[in-house]
file entry.pdb (PDB, C-alpha atoms, pLDDT in the B column)
ATOM      1  CA  MET H   1       0.000   0.000   0.000  1.00 79.00           C
ATOM      2  CA  LEU H   2       1.318   3.442  -0.952  1.00 87.00           C
ATOM      3  CA  ALA H   3       1.827   6.157   1.662  1.00 91.00           C
ATOM      4  CA  LYS H   4      -0.691   8.923   0.972  1.00 92.00           C
ATOM      5  CA  ALA H   5       0.602  11.292   3.653  1.00 94.00           C
ATOM      6  CA  PHE H   6       4.241  12.052   4.376  1.00 95.00           C
ATOM      7  CA  VAL H   7       6.918  14.692   4.804  1.00 95.00           C
ATOM      8  CA  VAL H   8      10.440  13.472   3.994  1.00 96.00           C
ATOM      9  CA  ALA H   9      13.860  14.906   3.227  1.00 96.00           C
ATOM     10  CA  MET H  10      15.462  13.806  -0.019  1.00 96.00           C
ATOM     11  CA  ALA H  11      19.016  14.005  -1.344  1.00 96.00           C
ATOM     12  CA  ALA H  12      18.647  15.302  -4.895  1.00 95.00           C
ATOM     13  CA  ASP H  13      20.785  15.478  -7.997  1.00 95.00           C
ATOM     14  CA  ILE H  14      19.548  18.464 -10.004  1.00 95.00           C
ATOM     15  CA  ALA H  15      20.628  19.159 -13.573  1.00 96.00           C
ATOM     16  CA  ARG H  16      19.660  22.576 -14.912  1.00 93.00           C
ATOM     17  CA  SER H  17      19.114  22.980 -18.614  1.00 91.00           C
ATOM     18  CA  ASP H  18      17.910  25.328 -21.325  1.00 88.00           C
ATOM     19  CA  TYR H  19      14.169  26.173 -21.278  1.00 86.00           C
ATOM     20  CA  ALA H  20      13.739  25.812 -25.067  1.00 86.00           C
ATOM     21  CA  LYS H  21      16.069  22.806 -25.326  1.00 88.00           C
ATOM     22  CA  PRO H  22      15.841  20.808 -22.083  1.00 90.00           C
ATOM     23  CA  THR H  23      18.426  18.266 -23.261  1.00 92.00           C
ATOM     24  CA  LEU H  24      21.121  21.000 -23.140  1.00 89.00           C
ATOM     25  CA  ILE H  25      22.426  20.621 -19.549  1.00 92.00           C
ATOM     26  CA  ARG H  26      24.112  23.768 -18.208  1.00 90.00           C
ATOM     27  CA  SER H  27      24.892  22.880 -14.576  1.00 92.00           C
ATOM     28  CA  HIS H  28      24.580  20.210 -11.868  1.00 94.00           C
ATOM     29  CA  SER H  29      24.107  20.449  -8.120  1.00 93.00           C
ATOM     30  CA  ARG H  30      23.337  18.281  -5.064  1.00 94.00           C
ATOM     31  CA  GLU H  31      20.597  19.769  -2.923  1.00 94.00           C
ATOM     32  CA  TRP H  32      18.211  18.867  -0.156  1.00 95.00           C
ATOM     33  CA  LEU H  33      14.525  18.641  -1.025  1.00 96.00           C
ATOM     34  CA  ILE H  34      11.545  18.301   1.259  1.00 96.00           C
ATOM     35  CA  ALA H  35       8.757  16.240  -0.304  1.00 96.00           C
ATOM     36  CA  CYS H  36       5.290  16.479   1.196  1.00 96.00           C
ATOM     37  CA  ARG H  37       2.278  14.421   0.089  1.00 95.00           C
ATOM     38  CA  TRP H  38      -1.135  15.236   1.516  1.00 93.00           C
ATOM     39  CA  GLY H  39      -4.847  15.684   0.787  1.00 92.00           C
ATOM     40  CA  PRO H  40      -7.919  13.543   1.516  1.00 89.00           C
ATOM     41  CA  ASP H  41      -6.670  10.917  -0.963  1.00 90.00           C
ATOM     42  CA  GLY H  42      -3.007  11.911  -1.089  1.00 93.00           C
ATOM     43  CA  GLU H  43      -3.633  13.861  -4.269  1.00 95.00           C
ATOM     44  CA  TYR H  44      -1.250  16.777  -3.623  1.00 97.00           C
ATOM     45  CA  LEU H  45       2.533  16.932  -3.648  1.00 97.00           C
ATOM     46  CA  SER H  46       4.878  19.761  -2.813  1.00 96.00           C
ATOM     47  CA  LEU H  47       8.592  19.586  -3.532  1.00 96.00           C
ATOM     48  CA  ALA H  48      10.629  22.277  -1.845  1.00 95.00           C
ATOM     49  CA  THR H  49      14.266  23.112  -2.301  1.00 94.00           C
ATOM     50  CA  ALA H  50      15.933  23.234   1.109  1.00 94.00           C
ATOM     51  CA  GLY H  51      19.559  24.167   0.447  1.00 90.00           C
ATOM     52  CA  VAL H  52      22.783  22.882  -1.041  1.00 90.00           C
ATOM     53  CA  MET H  53      24.167  19.627   0.360  1.00 90.00           C
ATOM     54  CA  ARG H  54      27.419  20.435   2.174  1.00 85.00           C
ATOM     55  CA  ASP H  55      28.394  16.749   2.149  1.00 80.00           C
ATOM     56  CA  PRO H  56      27.583  15.412  -1.343  1.00 70.00           C
ATOM     57  CA  ASN H  57      27.481  11.860   0.065  1.00 75.00           C
ATOM     58  CA  GLY H  58      25.127  12.849   2.898  1.00 73.00           C
ATOM     59  CA  ARG H  59      22.789  10.100   4.083  1.00 83.00           C
ATOM     60  CA  VAL H  60      21.169  12.084   6.898  1.00 90.00           C
ATOM     61  CA  ALA H  61      19.515  15.458   6.294  1.00 93.00           C
ATOM     62  CA  PRO H  62      20.469  18.329   8.612  1.00 91.00           C
ATOM     63  CA  ASP H  63      17.935  18.911  11.397  1.00 91.00           C
ATOM     64  CA  ALA H  64      17.306  22.528  10.432  1.00 90.00           C
ATOM     65  CA  ILE H  65      16.527  22.309   6.716  1.00 93.00           C
ATOM     66  CA  ALA H  66      13.471  24.330   5.715  1.00 93.00           C
ATOM     67  CA  PRO H  67      11.554  24.908   2.458  1.00 94.00           C
ATOM     68  CA  ILE H  68      12.827  27.710   0.218  1.00 93.00           C
ATOM     69  CA  HIS H  69      10.981  27.347  -3.129  1.00 91.00           C
ATOM     70  CA  SER H  70       8.039  24.939  -3.492  1.00 93.00           C
ATOM     71  CA  LEU H  71       6.767  23.204  -6.610  1.00 95.00           C
ATOM     72  CA  PHE H  72       3.148  21.997  -6.412  1.00 96.00           C
ATOM     73  CA  GLY H  73       1.697  18.902  -8.075  1.00 97.00           C
ATOM     74  CA  VAL H  74      -1.685  17.241  -8.484  1.00 97.00           C
ATOM     75  CA  LEU H  75      -2.003  13.448  -8.762  1.00 97.00           C
ATOM     76  CA  VAL H  76      -2.647  12.293 -12.346  1.00 97.00           C
ATOM     77  CA  SER H  77      -2.035   8.537 -12.037  1.00 97.00           C
ATOM     78  CA  GLU H  78      -1.167   5.897  -9.479  1.00 96.00           C
ATOM     79  CA  SER H  79      -0.269   2.215  -9.638  1.00 94.00           C
ATOM     80  CA  GLU H  80      -0.145   0.019  -6.540  1.00 91.00           C
ATOM     81  CA  SER H  81       1.490  -2.786  -8.561  1.00 93.00           C
ATOM     82  CA  GLU H  82       4.297  -0.457  -9.706  1.00 94.00           C
ATOM     83  CA  ALA H  83       4.373   1.336  -6.331  1.00 93.00           C
ATOM     84  CA  ALA H  84       4.340   4.595  -8.296  1.00 95.00           C
ATOM     85  CA  SER H  85       2.441   7.874  -8.266  1.00 96.00           C
ATOM     86  CA  THR H  86       2.716  10.570 -10.944  1.00 97.00           C
ATOM     87  CA  PHE H  87       1.923  14.216 -10.235  1.00 98.00           C
ATOM     88  CA  LEU H  88       1.404  17.023 -12.742  1.00 97.00           C
ATOM     89  CA  LEU H  89       3.305  20.163 -11.680  1.00 97.00           C
ATOM     90  CA  VAL H  90       1.404  23.428 -12.066  1.00 95.00           C
ATOM     91  CA  ARG H  91       2.111  27.056 -12.987  1.00 91.00           C
ATOM     92  CA  GLN H  92      -0.867  28.389 -11.026  1.00 91.00           C
ATOM     93  CA  LEU H  93      -2.205  26.959  -7.810  1.00 91.00           C
ATOM     94  CA  PRO H  94      -5.578  25.280  -8.447  1.00 88.00           C
ATOM     95  CA  PHE H  95      -7.017  26.649  -5.177  1.00 86.00           C
ATOM     96  CA  PRO H  96      -5.805  28.840  -2.319  1.00 87.00           C
ATOM     97  CA  VAL H  97      -3.179  26.834  -0.451  1.00 88.00           C
ATOM     98  CA  GLU H  98      -0.516  27.831   2.061  1.00 86.00           C
ATOM     99  CA  LEU H  99       2.799  26.347   0.967  1.00 89.00           C
ATOM    100  CA  ALA H 100       5.986  26.406   2.993  1.00 88.00           C
ATOM    101  CA  GLY H 101       8.527  28.556   1.182  1.00 88.00           C
ATOM    102  CA  THR H 102       7.768  30.534  -1.983  1.00 88.00           C
ATOM    103  CA  PHE H 103       5.489  28.952  -4.606  1.00 90.00           C
ATOM    104  CA  PHE H 104       7.607  28.185  -7.665  1.00 89.00           C
ATOM    105  CA  PRO H 105       5.377  28.048 -10.790  1.00 90.00           C
ATOM    106  CA  ALA H 106       6.501  25.253 -13.117  1.00 91.00           C
ATOM    107  CA  ASP H 107       5.158  22.722 -15.565  1.00 93.00           C
ATOM    108  CA  GLY H 108       6.222  19.109 -15.849  1.00 96.00           C
ATOM    109  CA  TYR H 109       5.810  16.017 -13.740  1.00 97.00           C
ATOM    110  CA  ALA H 110       7.110  14.288 -10.645  1.00 97.00           C
ATOM    111  CA  ARG H 111       7.028  10.493 -10.363  1.00 98.00           C
ATOM    112  CA  LEU H 112       7.299   8.990  -6.885  1.00 96.00           C
ATOM    113  CA  GLN H 113       8.374   5.368  -6.371  1.00 95.00           C
ATOM    114  CA  GLN H 114       7.695   3.738  -3.025  1.00 94.00           C
ATOM    115  CA  ARG H 115       9.610   0.498  -2.924  1.00 90.00           C
ATOM    116  CA  GLU H 116      12.385  -0.052  -0.332  1.00 88.00           C
ATOM    117  CA  THR H 117      12.481   3.727   0.081  1.00 91.00           C
ATOM    118  CA  ILE H 118      10.783   6.752  -1.434  1.00 94.00           C
ATOM    119  CA  SER H 119      12.492   7.998  -4.589  1.00 96.00           C
ATOM    120  CA  LEU H 120      11.555  10.629  -7.117  1.00 97.00           C
ATOM    121  CA  VAL H 121      12.225  11.597 -10.719  1.00 97.00           C
ATOM    122  CA  SER H 122      10.993  14.968 -11.930  1.00 96.00           C
ATOM    123  CA  LYS H 123      11.295  16.786 -15.231  1.00 96.00           C
ATOM    124  CA  THR H 124      10.118  20.366 -15.135  1.00 94.00           C
ATOM    125  CA  ARG H 125      10.607  23.749 -16.684  1.00 91.00           C
ATOM    126  CA  TYR H 126       9.662  27.202 -15.572  1.00 84.00           C
ATOM    127  CA  SER H 127       9.727  30.860 -16.505  1.00 80.00           C
ATOM    128  CA  HIS H 128       8.686  33.489 -14.038  1.00 72.00           C
ATOM    129  CA  SER H 129       9.216  36.981 -12.743  1.00 73.00           C
ATOM    130  CA  CYS H 130      10.232  37.655  -9.155  1.00 74.00           C
ATOM    131  CA  GLY H 131       8.801  40.321  -6.869  1.00 84.00           C
ATOM    132  CA  TRP H 132       7.652  41.088  -3.330  1.00 86.00           C
ATOM    133  CA  LEU H 133       4.227  41.371  -1.709  1.00 81.00           C
ATOM    134  CA  ASP H 134       3.665  42.141   1.970  1.00 86.00           C
ATOM    135  CA  GLY H 135       7.340  41.428   2.699  1.00 85.00           C
ATOM    136  CA  ARG H 136       7.294  37.972   1.057  1.00 79.00           C
ATOM    137  CA  GLU H 137       8.890  36.848  -2.182  1.00 77.00           C
ATOM    138  CA  VAL H 138       6.402  36.154  -4.997  1.00 78.00           C
ATOM    139  CA  ARG H 139       7.008  34.412  -8.304  1.00 76.00           C
ATOM    140  CA  LYS H 140       4.560  34.750 -11.193  1.00 76.00           C
ATOM    141  CA  ASP H 141       4.384  32.603 -14.294  1.00 71.00           C
ATOM    142  CA  ILE H 142       5.529  34.017 -17.645  1.00 76.00           C
ATOM    143  CA  PRO H 143       3.937  31.869 -20.388  1.00 77.00           C
ATOM    144  CA  ASP H 144       6.271  32.846 -23.266  1.00 76.00           C
ATOM    145  CA  PRO H 145       9.741  33.782 -21.970  1.00 75.00           C
ATOM    146  CA  ALA H 146      12.368  35.655 -23.941  1.00 74.00           C
ATOM    147  CA  PRO H 147      15.192  33.477 -25.322  1.00 75.00           C
ATOM    148  CA  SER H 148      18.006  32.802 -22.826  1.00 72.00           C
ATOM    149  CA  SER H 149      16.118  34.475 -19.964  1.00 74.00           C
ATOM    150  CA  ALA H 150      17.837  33.986 -16.589  1.00 73.00           C
ATOM    151  CA  GLU H 151      14.440  33.206 -15.044  1.00 76.00           C
ATOM    152  CA  ALA H 152      13.545  30.489 -17.558  1.00 79.00           C
ATOM    153  CA  MET H 153      15.093  27.019 -17.470  1.00 83.00           C
ATOM    154  CA  ALA H 154      14.395  23.326 -17.095  1.00 90.00           C
ATOM    155  CA  TRP H 155      15.286  20.974 -14.243  1.00 93.00           C
ATOM    156  CA  HIS H 156      15.989  17.244 -14.236  1.00 96.00           C
ATOM    157  CA  ILE H 157      15.701  15.952 -10.674  1.00 96.00           C
ATOM    158  CA  GLU H 158      16.530  12.527  -9.225  1.00 97.00           C
ATOM    159  CA  ALA H 159      16.135  12.168  -5.474  1.00 96.00           C
ATOM    160  CA  LYS H 160      16.052   9.557  -2.697  1.00 96.00           C
ATOM    161  CA  ARG H 161      14.663   9.742   0.809  1.00 95.00           C
ATOM    162  CA  CYS H 162      17.201  10.264   3.596  1.00 94.00           C
ATOM    163  CA  ASP H 163      16.874   9.997   7.348  1.00 93.00           C
ATOM    164  CA  TRP H 164      15.673  13.251   8.889  1.00 94.00           C
ATOM    165  CA  ILE H 165      14.443  14.265  12.332  1.00 93.00           C
ATOM    166  CA  GLY H 166      11.517  16.214  10.768  1.00 90.00           C
ATOM    167  CA  GLU H 167      10.170  13.208   8.853  1.00 91.00           C
ATOM    168  CA  PHE H 168       6.570  12.028   9.016  1.00 89.00           C
ATOM    169  CA  ILE H 169       5.167   9.006   7.165  1.00 86.00           C
ATOM    170  CA  SER H 170       1.614   7.799   7.700  1.00 83.00           C
ATOM    171  CA  GLU H 171       1.937   5.231  10.510  1.00 62.00           C
ATOM    172  CA  SER H 172      -0.437   2.682   8.943  1.00 54.00           C
ATOM    173  CA  ILE H 173       1.920   2.369   5.969  1.00 51.00           C
ATOM    174  CA  LEU H 174       4.967   1.897   8.203  1.00 47.00           C
ATOM    175  CA  GLN H 175       3.197  -0.818  10.207  1.00 48.00           C
ATOM    176  CA  GLU H 176       2.208  -2.651   7.021  1.00 52.00           C
ATOM    177  CA  LYS H 177       5.780  -2.540   5.653  1.00 52.00           C
ATOM    178  CA  ARG H 178       7.177  -3.812   8.987  1.00 52.00           C
ATOM    179  CA  ALA H 179       4.682  -6.696   8.934  1.00 55.00           C
ATOM    180  CA  MET H 180       5.638  -7.563   5.340  1.00 56.00           C
ATOM    181  CA  ARG H 181       9.361  -7.617   6.263  1.00 60.00           C
ATOM    182  CA  ALA H 182       8.668  -9.749   9.357  1.00 63.00           C
ATOM    183  CA  ASN H 183       6.675 -12.270   7.305  1.00 65.00           C
ATOM    184  CA  GLY H 184       9.477 -12.468   4.847  1.00 59.00           C
TER     185      GLY H 184
END
call {"tool": "encode", "arguments": {"input": "entry.pdb", "output": "structure tokens"}}
result
Amino acid sequence: MLAKAFVVAMAADIARSDYAKPTLIRSHSREWLIACRWGPDGEYLSLATAGVMRDPNGRVAPDAIAPIHSLFGVLVSESESEAASTFLLVRQLPFPVELAGTFFPADGYARLQQRETISLVSKTRYSHSCGWLDGREVRKDIPDPAPSSAEAMAWHIEAKRCDWIGEFISESILQEKRAMRANG
């Protein structure tokens, strides 16, 4: 059974590429992400950047990581047999929602796998303008960016769950996985 509610830290490899030609990789980084799945049926996903990994081989997330920029996704498909859930990332929030960090408008997808651990692959691109409202950073979608705009690019993300003190995974899922391991 797939976890429909969790908050986990993930060690991510992020490749940044050209908006118009996403196969043209321009840079790579290792960063912490915070993945959060919630909703009555687990239909929402937020992926937040949480800072550069100081130790590129880190297996345990720092206690104090916090969301910086948050992507938002809506469930589009799920397969128990493949232990996979696919979320469509959005450029505008579909309803008023309070996200941790600054909403980061983007289009693309995020595919979660829940086998031995939670892993993620995401392909996304974005173009936006940055500003401030009531003392908080705001990013707004730009549907047709100028060529080579600094605020328009694509991301290729691969991430795996790491141990973290701030983690929460729906307890019923954890109990089921423990029982499966115990029964062999």
call {"tool": "closest_residue", "arguments": {"input": "entry.pdb", "among": "H:Ala20, H:Ala11, H:Cys162, H:Ala3", "to": "Asp144 (chain H)", "atoms": "all atoms listed in the file"}}
result
H:Ala20
call {"tool": "closest_residue", "arguments": {"input": "entry.pdb", "among": "H:Lys123, H:Arg161, H:Lys140, H:Arg54", "to": "Pro22 (chain H)", "atoms": "all atoms listed in the file"}}
result
H:Lys123
call {"tool": "atom_distance", "arguments": {"input": "entry.pdb", "atom1": "CA of Trp132 (chain H)", "atom2": "CA of Ser17 (chain H)"}}
result
26.3 Å
call {"tool": "resolve_selection", "arguments": {"input": "entry.pdb", "expression": "the PyMOL selection byres ((chain H and resi 148) around 12)", "output": "ChimeraX atom specification"}}
result
/H:17-21,26,127,144-147,149-154
call {"tool": "closest_residue", "arguments": {"input": "entry.pdb", "among": "H:Asp163, H:Glu98, H:Glu137, H:Glu80", "to": "Arg115 (chain H)", "atoms": "all atoms listed in the file"}}
result
H:Glu80
call {"tool": "resolve_selection", "arguments": {"input": "entry.pdb", "expression": "the PyMOL selection byres ((chain H and resi 106) around 6)", "output": "list in words"}}
result
Val90, Arg91, Pro105, Asp107, Arg125 and Tyr126 of chain H
call {"tool": "resolve_selection", "arguments": {"input": "entry.pdb", "expression": "the PyMOL selection byres ((chain H and resi 32-36) around 6)", "output": "list in words"}}
result
Phe6, Val7, Val8, Ala9, Met10, Ala11, Ala12, Glu31, Arg37, Leu45, Ser46, Leu47, Ala48, Thr49, Ala50 and Gly51 of chain H
call {"tool": "write_last_selection", "arguments": {"input": "entry.pdb", "atoms": "C-alpha atoms", "output": "PDB file, in the frame of the given file"}}
result
ATOM      1  CA  PHE H   6       4.241  12.052   4.376  1.00 95.00           C
ATOM      2  CA  VAL H   7       6.918  14.692   4.804  1.00 95.00           C
ATOM      3  CA  VAL H   8      10.440  13.472   3.994  1.00 96.00           C
ATOM      4  CA  ALA H   9      13.860  14.906   3.227  1.00 96.00           C
ATOM      5  CA  MET H  10      15.462  13.806  -0.019  1.00 96.00           C
ATOM      6  CA  ALA H  11      19.016  14.005  -1.344  1.00 96.00           C
ATOM      7  CA  ALA H  12      18.647  15.302  -4.895  1.00 95.00           C
ATOM      8  CA  GLU H  31      20.597  19.769  -2.923  1.00 94.00           C
ATOM      9  CA  ARG H  37       2.278  14.421   0.089  1.00 95.00           C
ATOM     10  CA  LEU H  45       2.533  16.932  -3.648  1.00 97.00           C
ATOM     11  CA  SER H  46       4.878  19.761  -2.813  1.00 96.00           C
ATOM     12  CA  LEU H  47       8.592  19.586  -3.532  1.00 96.00           C
ATOM     13  CA  ALA H  48      10.629  22.277  -1.845  1.00 95.00           C
ATOM     14  CA  THR H  49      14.266  23.112  -2.301  1.00 94.00           C
ATOM     15  CA  ALA H  50      15.933  23.234   1.109  1.00 94.00           C
ATOM     16  CA  GLY H  51      19.559  24.167   0.447  1.00 90.00           C
TER      17      GLY H  51
END
call {"tool": "closest_residue", "arguments": {"input": "entry.pdb", "among": "H:Leu133, H:Val138, H:Leu75, H:Ala61", "to": "Ala110 (chain H)", "atoms": "only C-alpha atoms"}}
result
H:Leu75
call {"tool": "residues_around", "arguments": {"input": "entry.pdb", "residues": "Pro40 (chain H)", "least_positions_apart": "3", "cutoff": "10 Å", "atoms": "only C-alpha atoms", "output": "JSON, numbers by chain"}}
result
{"H": [4, 5, 43, 44]}
call {"tool": "write_last_selection", "arguments": {"input": "entry.pdb", "atoms": "C-alpha atoms", "output": "CSV table (one decimal), in the frame of the given file"}}
result
chain,number,residue,atom,x,y,z
H,4,LYS,CA,-0.7,8.9,1.0
H,5,ALA,CA,0.6,11.3,3.7
H,43,GLU,CA,-3.6,13.9,-4.3
H,44,TYR,CA,-1.2,16.8,-3.6
call {"tool": "atom_distance", "arguments": {"input": "entry.pdb", "atom1": "CA of Phe104 (chain H)", "atom2": "CA of Ser29 (chain H)"}}
result
18.2 Å
call {"tool": "atom_distance", "arguments": {"input": "entry.pdb", "atom1": "CA of Thr124 (chain H)", "atom2": "CA of Leu71 (chain H)"}}
result
9.6 Å
call {"tool": "build_atoms", "arguments": {"input": "entry.pdb", "residues": "region 85-106 of chain H", "atoms": "N, CA, C and O atoms", "output": "CSV table (one decimal), in the coordinates of the input"}}
result
chain,number,residue,atom,x,y,z
H,85,SER,N,3.4,6.8,-8.2
H,85,SER,CA,2.4,7.9,-8.3
H,85,SER,C,3.0,9.0,-9.1
H,85,SER,O,4.2,9.4,-8.9
H,86,THR,N,2.2,9.5,-10.1
H,86,THR,CA,2.7,10.6,-10.9
H,86,THR,C,1.9,11.8,-10.7
H,86,THR,O,0.6,11.7,-10.7
H,87,PHE,N,2.6,12.9,-10.5
H,87,PHE,CA,1.9,14.2,-10.2
H,87,PHE,C,2.2,15.2,-11.4
H,87,PHE,O,3.4,15.3,-11.8
H,88,LEU,N,1.2,16.0,-11.8
H,88,LEU,CA,1.4,17.0,-12.7
H,88,LEU,C,1.8,18.3,-12.0
H,88,LEU,O,1.0,18.7,-11.1
H,89,LEU,N,2.9,18.9,-12.3
H,89,LEU,CA,3.3,20.2,-11.7
H,89,LEU,C,2.6,21.3,-12.3
H,89,LEU,O,2.3,21.3,-13.5
H,90,VAL,N,2.3,22.4,-11.6
H,90,VAL,CA,1.4,23.4,-12.1
H,90,VAL,C,2.1,24.8,-12.0
H,90,VAL,O,2.9,25.1,-11.2
H,91,ARG,N,1.6,25.7,-12.9
H,91,ARG,CA,2.1,27.1,-13.0
H,91,ARG,C,1.3,28.0,-12.2
H,91,ARG,O,1.7,29.1,-11.8
H,92,GLN,N,0.0,27.6,-11.9
H,92,GLN,CA,-0.9,28.4,-11.0
H,92,GLN,C,-1.5,27.4,-10.1
H,92,GLN,O,-1.9,26.3,-10.4
H,93,LEU,N,-1.6,27.8,-8.8
H,93,LEU,CA,-2.2,27.0,-7.8
H,93,LEU,C,-3.7,26.8,-8.1
H,93,LEU,O,-4.4,27.7,-8.5
H,94,PRO,N,-4.2,25.5,-8.1
H,94,PRO,CA,-5.6,25.3,-8.4
H,94,PRO,C,-6.6,25.8,-7.4
H,94,PRO,O,-7.8,25.9,-7.7
H,95,PHE,N,-6.2,26.1,-6.2
H,95,PHE,CA,-7.0,26.6,-5.2
H,95,PHE,C,-6.1,27.3,-4.2
H,95,PHE,O,-4.9,27.1,-4.2
H,96,PRO,N,-6.7,28.2,-3.3
H,96,PRO,CA,-5.8,28.8,-2.3
H,96,PRO,C,-5.2,27.8,-1.4
H,96,PRO,O,-5.9,27.0,-0.8
H,97,VAL,N,-3.9,27.8,-1.3
H,97,VAL,CA,-3.2,26.8,-0.5
H,97,VAL,C,-2.0,27.5,0.1
H,97,VAL,O,-1.3,28.4,-0.5
H,98,GLU,N,-1.7,27.3,1.4
H,98,GLU,CA,-0.5,27.8,2.1
H,98,GLU,C,0.6,26.8,1.9
H,98,GLU,O,0.6,25.8,2.5
H,99,LEU,N,1.6,27.2,1.1
H,99,LEU,CA,2.8,26.3,1.0
H,99,LEU,C,3.9,26.9,1.8
H,99,LEU,O,4.1,28.1,2.0
H,100,ALA,N,4.8,26.0,2.3
H,100,ALA,CA,6.0,26.4,3.0
H,100,ALA,C,7.0,26.9,1.9
H,100,ALA,O,7.1,26.3,0.9
H,101,GLY,N,7.6,28.0,2.2
H,101,GLY,CA,8.5,28.6,1.2
H,101,GLY,C,7.7,29.3,0.1
H,101,GLY,O,6.5,29.5,0.3
H,102,THR,N,8.4,29.8,-0.9
H,102,THR,CA,7.8,30.5,-2.0
H,102,THR,C,7.3,29.6,-3.1
H,102,THR,O,8.0,28.7,-3.5
H,103,PHE,N,6.0,29.8,-3.5
H,103,PHE,CA,5.5,29.0,-4.6
H,103,PHE,C,6.3,29.2,-5.8
H,103,PHE,O,6.6,30.4,-6.2
H,104,PHE,N,6.7,28.1,-6.5
H,104,PHE,CA,7.6,28.2,-7.7
H,104,PHE,C,6.8,27.7,-8.9
H,104,PHE,O,6.7,26.4,-9.0
H,105,PRO,N,6.2,28.5,-9.7
H,105,PRO,CA,5.4,28.0,-10.8
H,105,PRO,C,6.2,27.3,-11.8
H,105,PRO,O,7.3,27.8,-12.2
H,106,ALA,N,5.8,26.1,-12.2
H,106,ALA,CA,6.5,25.3,-13.1
H,106,ALA,C,5.5,24.3,-13.8
H,106,ALA,O,4.5,24.0,-13.3
